[in-house]
Amino acid sequence: MVAEMTHQALHPESPAYPAALRAAFRRAPALAAMGNTALLEQPGLGFCGSRKASERGRRAAVDCAEQAVGEGFTVVAGNAAGIDVAAHHAALAAGGTTVLVLPEGINHFRIRKVLRPVWDWDRALVLSQFPDHAPWKGRQAMERNSVIIGLSRAMVVVEAGESGG
């Protein structure tokens, strides 16, 4: 399913650019944004962890995301299977908000099948710091994590290995 929205560019000098990222980076990256950019000013709770999470790990991510939403936080995570998607799904299913940060260009974004039943563009935002058509690369996943951290007041790490995200 192709995303139904167009994206906009957010430059660090723009008033719409998230203040948290401006403060976190010496050179804040330009962003491509699709969805509700007002979410950039909400307090975020970051999530990362295994793409091959155990059932127990997924339940922990879901519980933390639901509690975060209940306290007024926006879930901020990548778009990988496992912990990322579990946190996004839980936030949206609980009526909360979520920010997906991509390790590739925004033109590659597709709403994951598991998220479609709960997806709401008014409560979701997709971001990328990479050129619009940039393919996925491992190093970009690591770079993307700095945006997740910059938008988050704290991080929830679930079943992360010694290497990787």
# chains A, B, ... in the order shown; residues from 1 in each chain; ligands from 1
>>> residues_around(residues="Val85 (chain A)", least_positions_apart="5", cutoff="10 Å", atoms="only C-alpha atoms", output="list in words")
Phe47, Cys48, Arg51, Arg58, Ala61, Val62, Ala77, Gly78, Asn79, Ala80, Ala90, Ala91, Leu100, Arg112, Val114 and Leu115 of chain A
>>> write_last_selection(atoms="N, CA and C atoms", output="PDB file, in the first residue's frame")
ATOM      1  N   PHE A  47      11.822   3.995  21.449  1.00  0.00           N
ATOM      2  CA  PHE A  47      11.850   2.539  21.556  1.00  0.00           C
ATOM      3  C   PHE A  47      12.841   1.986  20.554  1.00  0.00           C
ATOM      4  N   CYS A  48      13.595   0.983  20.966  1.00  0.00           N
ATOM      5  CA  CYS A  48      14.423   0.223  20.036  1.00  0.00           C
ATOM      6  C   CYS A  48      14.613  -1.168  20.611  1.00  0.00           C
ATOM      7  N   ARG A  51      14.553  -7.052  16.153  1.00  0.00           N
ATOM      8  CA  ARG A  51      13.565  -7.313  15.100  1.00  0.00           C
ATOM      9  C   ARG A  51      12.960  -8.699  15.277  1.00  0.00           C
ATOM     10  N   ARG A  58       7.996  -8.509  23.110  1.00  0.00           N
ATOM     11  CA  ARG A  58       6.927  -7.728  22.472  1.00  0.00           C
ATOM     12  C   ARG A  58       5.896  -7.265  23.498  1.00  0.00           C
ATOM     13  N   ALA A  61       7.285  -4.292  25.323  1.00  0.00           N
ATOM     14  CA  ALA A  61       7.225  -3.082  24.504  1.00  0.00           C
ATOM     15  C   ALA A  61       5.802  -2.534  24.447  1.00  0.00           C
ATOM     16  N   VAL A  62       4.828  -3.425  24.291  1.00  0.00           N
ATOM     17  CA  VAL A  62       3.423  -3.019  24.239  1.00  0.00           C
ATOM     18  C   VAL A  62       3.020  -2.371  25.564  1.00  0.00           C
ATOM     19  N   ALA A  77      10.056   5.603  17.246  1.00  0.00           N
ATOM     20  CA  ALA A  77      10.842   4.401  16.957  1.00  0.00           C
ATOM     21  C   ALA A  77      11.079   4.299  15.457  1.00  0.00           C
ATOM     22  N   GLY A  78      11.857   3.314  15.079  1.00  0.00           N
ATOM     23  CA  GLY A  78      12.079   3.024  13.669  1.00  0.00           C
ATOM     24  C   GLY A  78      10.849   2.356  13.074  1.00  0.00           C
ATOM     25  N   ASN A  79      11.056   1.668  11.986  1.00  0.00           N
ATOM     26  CA  ASN A  79       9.945   0.992  11.315  1.00  0.00           C
ATOM     27  C   ASN A  79      10.283  -0.477  11.094  1.00  0.00           C
ATOM     28  N   ALA A  80      11.132  -1.022  11.942  1.00  0.00           N
ATOM     29  CA  ALA A  80      11.535  -2.420  11.796  1.00  0.00           C
ATOM     30  C   ALA A  80      10.505  -3.340  12.446  1.00  0.00           C
ATOM     31  N   ALA A  90       0.874  -0.562  19.480  1.00  0.00           N
ATOM     32  CA  ALA A  90       0.283  -0.381  20.811  1.00  0.00           C
ATOM     33  C   ALA A  90      -0.117   1.076  21.035  1.00  0.00           C
ATOM     34  N   ALA A  91       0.747   2.000  20.629  1.00  0.00           N
ATOM     35  CA  ALA A  91       0.435   3.424  20.818  1.00  0.00           C
ATOM     36  C   ALA A  91      -0.816   3.811  20.044  1.00  0.00           C
ATOM     37  N   LEU A 100       7.440   7.527  13.304  1.00  0.00           N
ATOM     38  CA  LEU A 100       8.287   6.493  12.704  1.00  0.00           C
ATOM     39  C   LEU A 100       9.462   7.183  12.040  1.00  0.00           C
ATOM     40  N   ARG A 112       2.949  -0.592   7.110  1.00  0.00           N
ATOM     41  CA  ARG A 112       3.023  -2.036   7.300  1.00  0.00           C
ATOM     42  C   ARG A 112       1.618  -2.615   7.470  1.00  0.00           C
ATOM     43  N   VAL A 114       0.440  -4.868   9.381  1.00  0.00           N
ATOM     44  CA  VAL A 114       0.005  -5.005  10.771  1.00  0.00           C
ATOM     45  C   VAL A 114      -0.460  -3.668  11.367  1.00  0.00           C
ATOM     46  N   LEU A 115       0.041  -2.554  10.830  1.00  0.00           N
ATOM     47  CA  LEU A 115      -0.344  -1.236  11.347  1.00  0.00           C
ATOM     48  C   LEU A 115      -1.590  -0.669  10.664  1.00  0.00           C
TER      49      LEU A 115
END
>>> residues_around(residues="region 146-153 of chain A", least_positions_apart="4", cutoff="10 Å", atoms="only C-alpha atoms", output="ChimeraX atom specification")
/A:18-25,28-29,31,40-48,73-78,99-102,127-129,141-142
>>> write_last_selection(atoms="N, CA and C atoms", output="mmCIF file, in the first residue's frame")
data_model
loop_
_atom_site.group_PDB
_atom_site.id
_atom_site.type_symbol
_atom_site.label_atom_id
_atom_site.label_comp_id
_atom_site.auth_asym_id
_atom_site.auth_seq_id
_atom_site.Cartn_x
_atom_site.Cartn_y
_atom_site.Cartn_z
ATOM 1 N N PRO A 18 11.781 20.649 14.721
ATOM 2 C CA PRO A 18 11.698 20.324 16.155
ATOM 3 C C PRO A 18 12.850 20.927 16.965
ATOM 4 N N ALA A 19 12.488 21.684 17.969
ATOM 5 C CA ALA A 19 13.471 22.334 18.835
ATOM 6 C C ALA A 19 14.390 21.307 19.491
ATOM 7 N N ALA A 20 13.853 20.143 19.831
ATOM 8 C CA ALA A 20 14.670 19.107 20.485
ATOM 9 C C ALA A 20 15.822 18.657 19.588
ATOM 10 N N LEU A 21 15.578 18.553 18.289
ATOM 11 C CA LEU A 21 16.661 18.147 17.378
ATOM 12 C C LEU A 21 17.658 19.271 17.162
ATOM 13 N N ARG A 22 17.165 20.486 17.093
ATOM 14 C CA ARG A 22 18.076 21.627 16.965
ATOM 15 C C ARG A 22 19.039 21.656 18.149
ATOM 16 N N ALA A 23 18.523 21.363 19.335
ATOM 17 C CA ALA A 23 19.344 21.382 20.548
ATOM 18 C C ALA A 23 20.284 20.174 20.620
ATOM 19 N N ALA A 24 19.881 19.052 20.049
ATOM 20 C CA ALA A 24 20.639 17.807 20.180
ATOM 21 C C ALA A 24 21.811 17.688 19.204
ATOM 22 N N PHE A 25 21.752 18.384 18.093
ATOM 23 C CA PHE A 25 22.761 18.231 17.043
ATOM 24 C C PHE A 25 23.603 19.486 16.880
ATOM 25 N N ALA A 28 22.069 19.993 12.781
ATOM 26 C CA ALA A 28 20.799 19.265 12.701
ATOM 27 C C ALA A 28 20.505 18.905 11.244
ATOM 28 N N PRO A 29 20.037 17.671 11.008
ATOM 29 C CA PRO A 29 19.757 17.248 9.634
ATOM 30 C C PRO A 29 18.433 17.806 9.125
ATOM 31 N N LEU A 31 14.950 17.251 7.337
ATOM 32 C CA LEU A 31 14.060 16.099 7.439
ATOM 33 C C LEU A 31 12.986 16.151 6.361
ATOM 34 N N LEU A 40 5.942 16.676 16.537
ATOM 35 C CA LEU A 40 7.352 16.949 16.812
ATOM 36 C C LEU A 40 7.561 17.767 18.080
ATOM 37 N N GLU A 41 6.546 18.444 18.528
ATOM 38 C CA GLU A 41 6.670 19.246 19.740
ATOM 39 C C GLU A 41 6.106 18.533 20.969
ATOM 40 N N GLN A 42 5.627 17.319 20.790
ATOM 41 C CA GLN A 42 5.116 16.537 21.920
ATOM 42 C C GLN A 42 6.281 15.816 22.599
ATOM 43 N N PRO A 43 6.171 15.528 23.887
ATOM 44 C CA PRO A 43 7.234 14.752 24.538
ATOM 45 C C PRO A 43 7.259 13.333 23.962
ATOM 46 N N GLY A 44 8.443 12.871 23.623
ATOM 47 C CA GLY A 44 8.584 11.551 23.019
ATOM 48 C C GLY A 44 9.242 10.551 23.947
ATOM 49 N N LEU A 45 8.864 9.294 23.773
ATOM 50 C CA LEU A 45 9.535 8.176 24.434
ATOM 51 C C LEU A 45 10.019 7.255 23.330
ATOM 52 N N GLY A 46 11.331 7.078 23.240
ATOM 53 C CA GLY A 46 11.933 6.278 22.183
ATOM 54 C C GLY A 46 11.917 4.790 22.501
ATOM 55 N N PHE A 47 11.822 3.995 21.449
ATOM 56 C CA PHE A 47 11.850 2.539 21.556
ATOM 57 C C PHE A 47 12.841 1.986 20.554
ATOM 58 N N CYS A 48 13.595 0.983 20.966
ATOM 59 C CA CYS A 48 14.423 0.223 20.036
ATOM 60 C C CYS A 48 14.613 -1.168 20.611
ATOM 61 N N PHE A 73 2.822 10.768 26.300
ATOM 62 C CA PHE A 73 4.006 10.692 25.449
ATOM 63 C C PHE A 73 3.658 10.189 24.054
ATOM 64 N N THR A 74 4.429 10.623 23.085
ATOM 65 C CA THR A 74 4.382 10.099 21.729
ATOM 66 C C THR A 74 5.450 9.024 21.627
ATOM 67 N N VAL A 75 5.105 7.876 21.061
ATOM 68 C CA VAL A 75 6.078 6.809 20.829
ATOM 69 C C VAL A 75 6.933 7.200 19.622
ATOM 70 N N VAL A 76 8.252 7.066 19.756
ATOM 71 C CA VAL A 76 9.196 7.371 18.684
ATOM 72 C C VAL A 76 10.056 6.135 18.468
ATOM 73 N N ALA A 77 10.056 5.603 17.246
ATOM 74 C CA ALA A 77 10.842 4.401 16.957
ATOM 75 C C ALA A 77 11.079 4.299 15.457
ATOM 76 N N GLY A 78 11.857 3.314 15.079
ATOM 77 C CA GLY A 78 12.079 3.024 13.669
ATOM 78 C C GLY A 78 10.849 2.356 13.074
ATOM 79 N N VAL A 99 5.676 8.429 16.086
ATOM 80 C CA VAL A 99 6.582 8.958 15.067
ATOM 81 C C VAL A 99 7.475 7.817 14.602
ATOM 82 N N LEU A 100 7.440 7.527 13.304
ATOM 83 C CA LEU A 100 8.287 6.493 12.704
ATOM 84 C C LEU A 100 9.462 7.183 12.040
ATOM 85 N N VAL A 101 10.685 6.797 12.396
ATOM 86 C CA VAL A 101 11.883 7.405 11.832
ATOM 87 C C VAL A 101 12.546 6.354 10.941
ATOM 88 N N LEU A 102 12.672 6.681 9.664
ATOM 89 C CA LEU A 102 13.140 5.731 8.660
ATOM 90 C C LEU A 102 14.656 5.733 8.486
ATOM 91 N N LEU A 127 9.227 10.256 9.418
ATOM 92 C CA LEU A 127 10.370 11.147 9.179
ATOM 93 C C LEU A 127 11.518 10.408 8.521
ATOM 94 N N SER A 128 12.272 11.128 7.710
ATOM 95 C CA SER A 128 13.531 10.611 7.177
ATOM 96 C C SER A 128 14.519 11.762 7.068
ATOM 97 N N GLN A 129 15.756 11.486 7.401
ATOM 98 C CA GLN A 129 16.829 12.468 7.267
ATOM 99 C C GLN A 129 17.655 12.206 6.016
ATOM 100 N N ALA A 141 20.701 3.088 9.406
ATOM 101 C CA ALA A 141 19.886 2.704 10.561
ATOM 102 C C ALA A 141 20.535 3.233 11.836
ATOM 103 N N MET A 142 21.848 3.182 11.905
ATOM 104 C CA MET A 142 22.549 3.705 13.077
ATOM 105 C C MET A 142 22.434 5.232 13.130
#
>>> closest_residue(among="A:Gly35, A:His89, A:Trp119, A:Glu159", to="Arg56 (chain A)", atoms="only C-alpha atoms")
A:Glu159
>>> select_by_dssp(residues="chain A", states="helix (DSSP H, G or I)", output="MDAnalysis selection string")
chainID A and resid 19:24 37:41 55:70 83:93 106:108 121:123 138:150
>>> select_by_dssp(residues="chain A", states="strand (DSSP E or B)", output="compact mmCIF listing (two decimals) with C-alpha atoms, in the first residue's frame")
# COMPACT_ATOMS: atom_id res chain seq x y z
CA VAL A 2 1.45 3.34 -1.01
CA GLN A 8 7.26 18.19 3.19
CA ALA A 9 10.80 19.31 3.88
CA LEU A 10 11.74 20.56 7.34
CA LEU A 31 14.06 16.10 7.44
CA ALA A 32 11.37 14.86 5.11
CA ALA A 33 8.08 14.61 7.00
CA MET A 34 4.79 12.94 6.15
CA GLY A 35 1.86 13.20 8.54
CA GLY A 44 8.58 11.55 23.02
CA LEU A 45 9.53 8.18 24.43
CA GLY A 46 11.93 6.28 22.18
CA PHE A 47 11.85 2.54 21.56
CA CYS A 48 14.42 0.22 20.04
CA GLY A 49 15.19 -3.44 20.20
CA THR A 74 4.38 10.10 21.73
CA VAL A 75 6.08 6.81 20.83
CA VAL A 76 9.20 7.37 18.68
CA ALA A 77 10.84 4.40 16.96
CA THR A 98 3.58 7.81 17.10
CA VAL A 99 6.58 8.96 15.07
CA LEU A 100 8.29 6.49 12.70
CA VAL A 101 11.88 7.41 11.83
CA LEU A 102 13.14 5.73 8.66
CA ARG A 110 4.72 1.94 3.11
CA ALA A 124 1.18 9.55 13.06
CA LEU A 125 4.26 11.12 11.55
CA VAL A 126 6.91 9.55 9.32
CA LEU A 127 10.37 11.15 9.18
CA SER A 128 13.53 10.61 7.18
CA ALA A 154 14.10 8.62 27.42
CA MET A 155 14.66 5.32 25.58
CA VAL A 156 13.10 1.91 26.14
CA VAL A 157 15.47 -0.80 24.91
CA VAL A 158 14.02 -4.30 24.63
>>> closest_residue(among="A:Ala81, A:Ala68, A:Ile111, A:Ala30", to="Met5 (chain A)", atoms="only C-alpha atoms")
A:Ile111
>>> atom_distance(atom1="CA of His88 (chain A)", atom2="CA of Ala65 (chain A)")
7.7 Å
>>> atom_distance(atom1="CA of Lys52 (chain A)", atom2="CA of Trp121 (chain A)")
27.0 Å
>>> residues_around(residues="Gln140 (chain A)", least_positions_apart="2", cutoff="10 Å", atoms="only C-alpha atoms", output="short mmCIF file (atom, residue, chain, number, x, y, z; two decimals) with N, CA and C atoms, in the first residue's frame")
data_model
loop_
_atom_site.label_atom_id
_atom_site.label_comp_id
_atom_site.auth_asym_id
_atom_site.auth_seq_id
_atom_site.Cartn_x
_atom_site.Cartn_y
_atom_site.Cartn_z
N LEU A 102 12.67 6.68 9.66
CA LEU A 102 13.14 5.73 8.66
C LEU A 102 14.66 5.73 8.49
N PRO A 103 15.24 4.57 8.16
CA PRO A 103 16.66 4.48 7.83
C PRO A 103 16.89 4.53 6.32
N GLU A 104 15.95 5.12 5.61
CA GLU A 104 15.99 5.20 4.14
C GLU A 104 15.20 6.43 3.72
N GLN A 129 15.76 11.49 7.40
CA GLN A 129 16.83 12.47 7.27
C GLN A 129 17.66 12.21 6.02
N PHE A 130 17.22 11.25 5.20
CA PHE A 130 17.97 10.83 4.02
C PHE A 130 17.31 11.33 2.74
N ALA A 134 16.74 7.44 -1.20
CA ALA A 134 17.87 6.68 -0.66
C ALA A 134 17.44 5.29 -0.23
N PRO A 135 18.17 4.25 -0.66
CA PRO A 135 17.83 2.88 -0.24
C PRO A 135 18.27 2.63 1.20
N TRP A 136 17.75 1.58 1.79
CA TRP A 136 18.14 1.18 3.14
C TRP A 136 19.61 0.77 3.14
N LYS A 137 20.32 1.21 4.17
CA LYS A 137 21.71 0.81 4.42
C LYS A 137 21.89 0.70 5.92
N GLY A 138 22.65 -0.30 6.35
CA GLY A 138 22.87 -0.53 7.78
C GLY A 138 23.38 0.69 8.51
N MET A 142 21.85 3.18 11.91
CA MET A 142 22.55 3.70 13.08
C MET A 142 22.43 5.23 13.13
N GLU A 143 22.56 5.91 11.99
CA GLU A 143 22.41 7.36 11.94
C GLU A 143 21.00 7.78 12.33
N ARG A 144 20.02 7.03 11.86
CA ARG A 144 18.62 7.31 12.16
C ARG A 144 18.35 7.27 13.65
N ASN A 145 19.07 6.40 14.36
CA ASN A 145 18.86 6.29 15.81
C ASN A 145 19.13 7.59 16.53
#
>>> atom_distance(atom1="CA of Gly72 (chain A)", atom2="CA of Asp120 (chain A)")
17.2 Å
>>> closest_residue(among="A:Arg123, A:His7, A:Gly96, A:Ala160", to="Ser50 (chain A)", atoms="only C-alpha atoms")
A:Ala160
